[in-house]
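Here's the structure, in structure tokens; my notes come after.
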Amino acid sequence: MSDNVSKGKDRSVSRIAKEIYSKYGILIILVIMLVGSTLLTPVFLTQRNLINVMRQMSVIFIIACGTTMVIISGMIDLSSGSVAALSGVVATGMMVATKSAPLAVAVGIIVGGLCGAVNGAFITTFKLPPFIMTLAMMISARGLVLLYTGGIPISGIGNLNVLGQGFILGVPIPIIIMMIIFGITWVLLNRMKFGRYIYAIGGNEEAAIASGVSVKRVKAMTWIINGMFVGLAGVILMARINSGQPAAGQMYELDAITTVVLGGTSLSGGIGTIQGTLAGAMIIGILNNVLNLLNVSPYYQQILKGAIIVTAVILDIKTKEIRAKS
Amino acid sequence: MHLRGVVLEAHQNYVLEMKDIRKVFPGVVACDGVNLNVRKGTVHALVGENGAGKSTMMKILAGEYIPDQGEIYFQGKKAVISSTRDALNLGISTVYQELNLVPEMTIAENIFLGRELVDSSRMFVRFKDLYAQAGKYLQELGLKYDPRTKINKLSVSGAQMVEIAKGISRGASLIVLDEPTSAITDSEVDVLFTQIRNLKKKGITFIYISHKMNEIFSISDDVTVMRDGKWVGTHGIKEMNEKKLISLMVGRELSEMFPKVACDIGETVFEVKNLTKKGVFSNISLSVKKGEILGISGLMGAGRTELARAIFGLDSIDSGEILVEGRKAVIKSPADSIRQGVVMLPEDRKQVGLVLIRSVLENIGLSNLDQFTSYELLNIRKERKVCADIAKRVGVKAHNLQVQVKTLSGGNQQKVVICKWLLQKLKVLILDEPTRGIDVGAKSEIHRLMGEFAKKGMAVIMISSELPEMLGMSDRIMVMREGEISGELTREEATQEKIMTLAMGGRKQ
Ligand SMILES: Nc1ncnc2c1ncn2[C@@H]1O[C@H](COP(=O)(O)OP(=O)(O)OP(=O)(O)O)[C@@H](O)[C@H]1O
Ligand SMILES: [Mg+2]
């Protein structure tokens with residue numbers, strides 16, 4: 001056995017396949033799903049349908065952008081669904097009162113930001129575990145929604161609905177907003193101190209502190225930005241359903257977390273990308289869409305979704321193992 | 001190389017033979033045709049510079065990594081080790097360089113992790129027996145800990161000793177110790193060596209990785225040298241001397257060990273007055289001048305690390321004050337301290353110094369992002385260039401700057417922390433065990449850097465448990481004992497004996 005000959009040769013086909021997979025992971029699943037869906041139903045690959053898919057995933061994706069940052073920094077947000085609803089109904093109420101859409105949007109974002117600030121304040125000053133704090137916020141914010149609306153939908157959303165239903169140059173506005181939020185998050189994570197800091201905090205909080213990072217401030221910032229995203233998502237949500245619905249946004253926090261984890265962000269913090277989250281959101285969006293196009297009963301849809309999520313994450317874990325061992 | 005392998009095959013008394021081992025990581029050949037033949041009942045030292053591939057060899061032996069090529073024979077039989085469990089079942093136990101204990105669990109629970117003593121129903125743990133047995137192991141090792149103590153209450157050295165106890169308790173016939181003494185005191189090393197010699201008599205074999213020459217010569221029977229992933233040779237320790245061994249490791253002769261540069265000592269830049277943290281240290285006053293290296297010596301547990309952490313703002317203090325350039329400095333967090341130009345290289349670099357799962361680049365940049373930021377945006381190109389330059393200057397060996405820090409060898413990880421601080425405008429540099437786990441070459445490199453800092457007018461405070469380093473590098477040595485200063489020695493008057501006397505409780509000088 002002469003190792004001079006075998007030296008450059010340990011790159012078998014399977015190794016290359018593994019390498020590609022471990023590099024692009026979730027993207028490959030996405031491509032497979034795109035191809036599979038196209039083969040399964042011809043309607044899938046029409047422009048109208050694809051735009052539909054994107055529009056439907058916009059609200060969850062915007063929330064997931066915030067959730068991505070929260071999870072990267074080693075925390076978790078269970079309150080986003082309720083906070084989105086609260087921001088949405090208050091914005092709708094504002095619209096009814098003032099007839100000014102920009103003001104309504106601003107108020108929605110501010111309400112979300114305030115809820116985020118409250119989360120952040122308690123988590124940083126009292127060292128509350130984010131799981132507990134945001135669980136409490138999820139319950140209380142929903143209570144505020146019911147209090148504010150009296151449990152009845154607020155109608156008279158007026159032209160605030162363009163936010164959910166309008167178009168600019170033929171592109172639906174929610175998709176445009178979604179891409180803007182994607183861009184903002186990408187810049188935050190990759191081109192600003194803030195991003196470097198949250199990766200470091202999620203990776204090793206003590207080392208971040210010892211490197212001079214003001215961990216409390218960065219965490220508080222994370223919660224406020226996250227809250228503002230959630231607030232905006234809440235306004236779009238109400239605009240899409242044309243009224244201030246007190247029951248809207250339930251379980252959205254879980255959808256957002258699923259999206260983020262599917263996108264390869266580690267629940268233990270320190271690792272993750274916003275591109276991954278986008279891929280995760282698209283996978284879920286396509287899945288919903290195709291199952292509907294194929295007329296699969298919603299009961300089966302639920303079961304199938306659970307199974308696919310588990311499969312995707314197992315694949316992701318496997319690739320990470322391959323990466324670690326080889 | 002192969003010829004030699006054939007010759008060695010003739011021996012029957014090898015308990016372990018690793019043949020022609022090759023392991024490639026993306027971009028790095030960690031081991032390339034390495035042979036390791038270990039005689040039964042001996043201590044076999046494995047030496048080489050940081051990143052030579054020692055730990056990788058041992059991780060292959062422990063089933064953590066699968067080699068790309070090569071064979072392992074254990075006790076005369078071909079061994080297939082494809083998981084850590086396989087290795088344990090064969091009787092190979094590894095104490096890693098990085099600690100592998102569950103911090104929230106007790107010593108006893110850690111020792112018996114995965115093989116808890118259970119009652120006849122196999123459902124309930126017999127805690128009483130667990131603690132009793134664990135206590136026995138601790139006692140055998142001469143450790144005074146209560147087995148009910150949680151690991152996170154122990155010092156690094158304490159935790160390390162528990163790791164060793166765990167290995168021994170597994171009844172392994174081959175124990176791998178990967179830099180076991182990098183974090184423990186000389187007296188603890190003595191205890192460990194006595195224990196190793198006892199176990200050797202019972203036929204247990206050890207593989208021993210260390211960068212400390214004196215230890216290698218005092219404990220080992222044979223030594224295998226690796227360099228850049230390659231097998232350089234295996235020798236009986238008797239036919240070796242320190243100089244020869246180092247030149248085999250480094251591939252060249254190494255110049256002076258402690259290159260102390262003479263430099264002008266200026267005015268006082270840093271003062272600590274009556275610093276007290278109840279139950280940890282009390283009434284500590286010290287001052288350092290520009291260009292001066294102040295050594296702080298003492299036994300493990302004397303409060304040196306705690307003092308350094310408190311000065312740096314990582315831990316709170318109860319009373320006392322800190323003055324930088326004569327002005328009182330309010331230091332409530334490391335961020336405050338860094339702003340004052342006072343930084344610390346922590347003892348526990350994995351826990352405090354580095355974000356292991358992030359890249360070399362991000363770790364170096366972390367404290368220095370303001371330098372790369374304009375209009376709130378990071379200048380990525382500048383960041384990469386500055387970090388690459390400093391990494392090159394300090395000599396960080398990494399495939400590229402994007403790899404996770406955890407894939408670097410121990411010594412190179414330490415260099416990453418140094419890089420991080422070198423990008424700051426420093427007035428005072430506190431080094432807590434700066435050369436722990438660092439190879440001879442890199443060590444003298446770090447000592448050279450220390451001299452350079454002093455020359456530039458920085459004040460350096462160095463905590464070290466290594467007396468030759470303490471004596472070689474310091475201008476002045478302060479000794480701590482049980483949280484108090486027990487004496488101070490000038491460079492001229494200091495000797496190992498005087499330091500030890502002060503550290504162990506001799507009278508004040
Ligand atoms: N999981 C990994 N992924 C990529 N590279 C790795 C990995 N583990 C080790 N390496 C690389 O392999 C080489 C050998 O590393 P190893 O840890 O075996 O060195 P070592 O001899 O133990 O050094 P030290 O004395 O500093 O502990 C290094 O270049 C290191 O960066
Ligand atoms: Mg090592």
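Ligands are numbered from 1 in the order shown, residues from 1 within each chain, and chains are lettered A, B, ... in the order they appear in the structure tokens.
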Find the residues near range 467-482 of chain B: any atom within 7 Å, counting only C-alpha atoms, skip ones fewer than 6 places away on the same chain, and give them as a list in words. Phe258, Lys260, Glu292, Ile293, Leu294, Gly295, Ile296, Ser297, Gly298, Ala302, Gly303, Glu488, Leu489, Thr490, Arg491, Gln496, Ile499, Leu502 and Ala503 of chain B
Near chain B, which residues of chain A fall within 9 Å when you count only C-alpha atoms, and what do they look like as number ranges by chain? A: 3, 10, 187-188, 190-193, 196-197, 199-214, 270-271, 324-326
Can you tell me which residues sit at most 7 Å away from ligand 1, counting only C-alpha atoms and all ligand atoms, written as a count of residues only? 29
So that I can check the surroundings of Ile76 in chain A, please list as a ChimeraX atom specification every protein, DNA and RNA residue that reaches within 10 Å of it, counting only C-alpha atoms and ignoring chain neighbours fewer than 2 positions away. /A:67-74,78-79,129-135,253,257,267-269
Using only C-alpha atoms, which protein or nucleic acid residues come within 10 Å of Val38 in chain B? Drop anything in the same chain fewer than 3 positions from it, and give the result as a PyMOL selection string. chain B and resi 13-18+35+41-45+74+174+205-207+221-224+234
Ser282 in chain B environment, 8 Å, only C-alpha atoms, sequence neighbours closer than 6 positions dropped, as a list in words: Asn274, Leu275, Thr276, Gly483 and Glu484 of chain B
Selection above as a file: N, CA, C and O atoms, as a PDB file, in the first residue's frame:
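Contents of the output file selection22.pdb:
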ATOM      1  N   ASN B 274      -6.258  48.113  48.119  1.00  0.00           N
ATOM      2  CA  ASN B 274      -7.098  47.438  49.121  1.00  0.00           C
ATOM      3  C   ASN B 274      -8.300  46.704  48.524  1.00  0.00           C
ATOM      4  O   ASN B 274      -9.396  46.768  49.037  1.00  0.00           O
ATOM      5  N   LEU B 275      -8.071  46.037  47.436  1.00  0.00           N
ATOM      6  CA  LEU B 275      -9.167  45.322  46.789  1.00  0.00           C
ATOM      7  C   LEU B 275      -9.586  44.121  47.639  1.00  0.00           C
ATOM      8  O   LEU B 275      -8.757  43.330  48.082  1.00  0.00           O
ATOM      9  N   THR B 276     -10.883  44.008  47.891  1.00  0.00           N
ATOM     10  CA  THR B 276     -11.391  42.915  48.722  1.00  0.00           C
ATOM     11  C   THR B 276     -12.637  42.305  48.105  1.00  0.00           C
ATOM     12  O   THR B 276     -13.518  43.030  47.624  1.00  0.00           O
ATOM     13  N   GLY B 483      -5.707  34.128  49.398  1.00  0.00           N
ATOM     14  CA  GLY B 483      -6.392  35.396  49.158  1.00  0.00           C
ATOM     15  C   GLY B 483      -5.674  36.627  49.654  1.00  0.00           C
ATOM     16  O   GLY B 483      -6.227  37.722  49.617  1.00  0.00           O
ATOM     17  N   GLU B 484      -4.439  36.451  50.145  1.00  0.00           N
ATOM     18  CA  GLU B 484      -3.708  37.629  50.599  1.00  0.00           C
ATOM     19  C   GLU B 484      -2.314  37.650  50.001  1.00  0.00           C
ATOM     20  O   GLU B 484      -1.783  36.614  49.595  1.00  0.00           O
TER      21      GLU B 484
END
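Residues in contact with Gln165 in chain A at 9 Å, where only C-alpha atoms are counted and same-chain residues fewer than 3 positions away are skipped, are listed as Asn161, Val162, Pro172, Ile173, Pro174, Ile236, Ala239, Arg240 and Asn242 of chain A.
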Looking only at the backbone, which of the residues in range 198-284 of chain B does DSSP tag as strand (DSSP E or B), as a PyMOL selection string? chain B and resi 205-209+222-227+230-236+268-277+281-284
Limited to N, CA, C and O atoms, could you put the picked residues into a file as a tab-separated table (two decimals), in the first residue's frame?
chain	number	residue	atom	x	y	z
B	205	THR	N	-1.17	0.79	31.18
B	205	THR	CA	-0.32	1.54	30.26
B	205	THR	C	-0.87	2.95	30.09
B	205	THR	O	-2.08	3.15	30.11
B	206	PHE	N	0.04	3.90	29.92
B	206	PHE	CA	-0.39	5.28	29.74
B	206	PHE	C	0.17	5.88	28.46
B	206	PHE	O	1.32	5.60	28.10
B	207	ILE	N	-0.66	6.66	27.81
B	207	ILE	CA	-0.13	7.53	26.77
B	207	ILE	C	-0.24	8.94	27.34
B	207	ILE	O	-1.30	9.33	27.83
B	208	TYR	N	0.85	9.65	27.27
B	208	TYR	CA	0.92	10.91	28.00
B	208	TYR	C	1.30	12.04	27.06
B	208	TYR	O	2.38	12.03	26.46
B	209	ILE	N	0.39	13.00	26.90
B	209	ILE	CA	0.69	14.15	26.03
B	209	ILE	C	0.97	15.36	26.90
B	209	ILE	O	0.20	15.66	27.82
B	222	ASP	N	9.05	5.81	27.04
B	222	ASP	CA	9.33	6.00	25.62
B	222	ASP	C	8.69	7.31	25.19
B	222	ASP	O	7.78	7.80	25.82
B	223	VAL	N	9.19	7.81	24.06
B	223	VAL	CA	8.57	9.03	23.56
B	223	VAL	C	8.46	8.95	22.03
B	223	VAL	O	9.37	8.50	21.35
B	224	THR	N	7.26	9.32	21.55
B	224	THR	CA	7.05	9.42	20.11
B	224	THR	C	6.90	10.89	19.75
B	224	THR	O	6.17	11.61	20.41
B	225	VAL	N	7.64	11.29	18.73
B	225	VAL	CA	7.60	12.70	18.32
B	225	VAL	C	6.82	12.83	17.02
B	225	VAL	O	7.01	12.05	16.09
B	226	MET	N	5.91	13.81	16.99
B	226	MET	CA	5.19	14.12	15.76
B	226	MET	C	5.52	15.54	15.34
B	226	MET	O	5.74	16.41	16.18
B	227	ARG	N	5.53	15.75	14.05
B	227	ARG	CA	5.72	17.11	13.55
B	227	ARG	C	4.86	17.30	12.30
B	227	ARG	O	4.94	16.50	11.39
B	230	LYS	N	3.19	14.40	10.85
B	230	LYS	CA	4.02	13.26	10.45
B	230	LYS	C	4.70	12.62	11.66
B	230	LYS	O	4.92	13.26	12.67
B	231	TRP	N	5.01	11.35	11.48
B	231	TRP	CA	5.70	10.62	12.52
B	231	TRP	C	7.19	10.87	12.38
B	231	TRP	O	7.77	10.60	11.33
B	232	VAL	N	7.81	11.43	13.42
B	232	VAL	CA	9.24	11.74	13.32
B	232	VAL	C	10.08	10.59	13.86
B	232	VAL	O	11.13	10.27	13.34
B	233	GLY	N	9.57	9.94	14.92
B	233	GLY	CA	10.33	8.82	15.45
B	233	GLY	C	9.87	8.44	16.84
B	233	GLY	O	9.16	9.17	17.51
B	234	THR	N	10.28	7.23	17.26
B	234	THR	CA	10.00	6.78	18.61
B	234	THR	C	11.32	6.40	19.26
B	234	THR	O	12.16	5.74	18.63
B	235	HIS	N	11.52	6.87	20.48
B	235	HIS	CA	12.79	6.63	21.16
B	235	HIS	C	12.54	6.27	22.61
B	235	HIS	O	11.54	6.67	23.18
B	236	GLY	N	13.51	5.54	23.18
B	236	GLY	CA	13.50	5.36	24.62
B	236	GLY	C	13.90	6.68	25.25
B	236	GLY	O	14.73	7.40	24.70
B	268	THR	N	4.33	54.73	37.19
B	268	THR	CA	3.26	53.78	37.50
B	268	THR	C	2.06	54.06	36.61
B	268	THR	O	1.60	55.19	36.51
B	269	VAL	N	1.56	53.02	35.94
B	269	VAL	CA	0.35	53.20	35.14
B	269	VAL	C	-0.88	52.61	35.81
B	269	VAL	O	-2.01	53.03	35.57
B	270	PHE	N	-0.66	51.63	36.63
B	270	PHE	CA	-1.81	50.89	37.12
B	270	PHE	C	-1.64	50.58	38.60
B	270	PHE	O	-0.59	50.13	39.03
B	271	GLU	N	-2.69	50.88	39.34
B	271	GLU	CA	-2.63	50.62	40.78
B	271	GLU	C	-3.92	49.98	41.26
B	271	GLU	O	-5.01	50.34	40.81
B	272	VAL	N	-3.79	49.08	42.19
B	272	VAL	CA	-4.95	48.48	42.83
B	272	VAL	C	-4.78	48.75	44.31
B	272	VAL	O	-3.71	48.54	44.86
B	273	LYS	N	-5.84	49.30	44.94
B	273	LYS	CA	-5.70	49.63	46.36
B	273	LYS	C	-6.74	48.91	47.20
B	273	LYS	O	-7.95	49.08	47.00
B	274	ASN	N	-6.26	48.11	48.12
B	274	ASN	CA	-7.10	47.44	49.12
B	274	ASN	C	-8.30	46.70	48.52
B	274	ASN	O	-9.40	46.77	49.04
B	275	LEU	N	-8.07	46.04	47.44
B	275	LEU	CA	-9.17	45.32	46.79
B	275	LEU	C	-9.59	44.12	47.64
B	275	LEU	O	-8.76	43.33	48.08
B	276	THR	N	-10.88	44.01	47.89
B	276	THR	CA	-11.39	42.92	48.72
B	276	THR	C	-12.64	42.31	48.10
B	276	THR	O	-13.52	43.03	47.62
B	277	LYS	N	-12.67	41.01	48.07
B	277	LYS	CA	-13.90	40.30	47.74
B	277	LYS	C	-14.04	39.25	48.82
B	277	LYS	O	-13.20	38.35	48.93
B	281	PHE	N	-10.53	37.06	48.23
B	281	PHE	CA	-9.24	37.70	48.48
B	281	PHE	C	-9.50	38.97	49.28
B	281	PHE	O	-10.61	39.51	49.27
B	282	SER	N	-8.48	39.41	50.01
B	282	SER	CA	-8.72	40.60	50.81
B	282	SER	C	-7.51	41.51	50.82
B	282	SER	O	-6.36	41.06	50.81
B	283	ASN	N	-7.82	42.80	50.77
B	283	ASN	CA	-6.80	43.82	50.98
B	283	ASN	C	-5.62	43.72	50.04
B	283	ASN	O	-4.47	43.82	50.45
B	284	ILE	N	-5.91	43.52	48.79
B	284	ILE	CA	-4.84	43.39	47.81
B	284	ILE	C	-4.47	44.77	47.27
B	284	ILE	O	-5.32	45.49	46.77
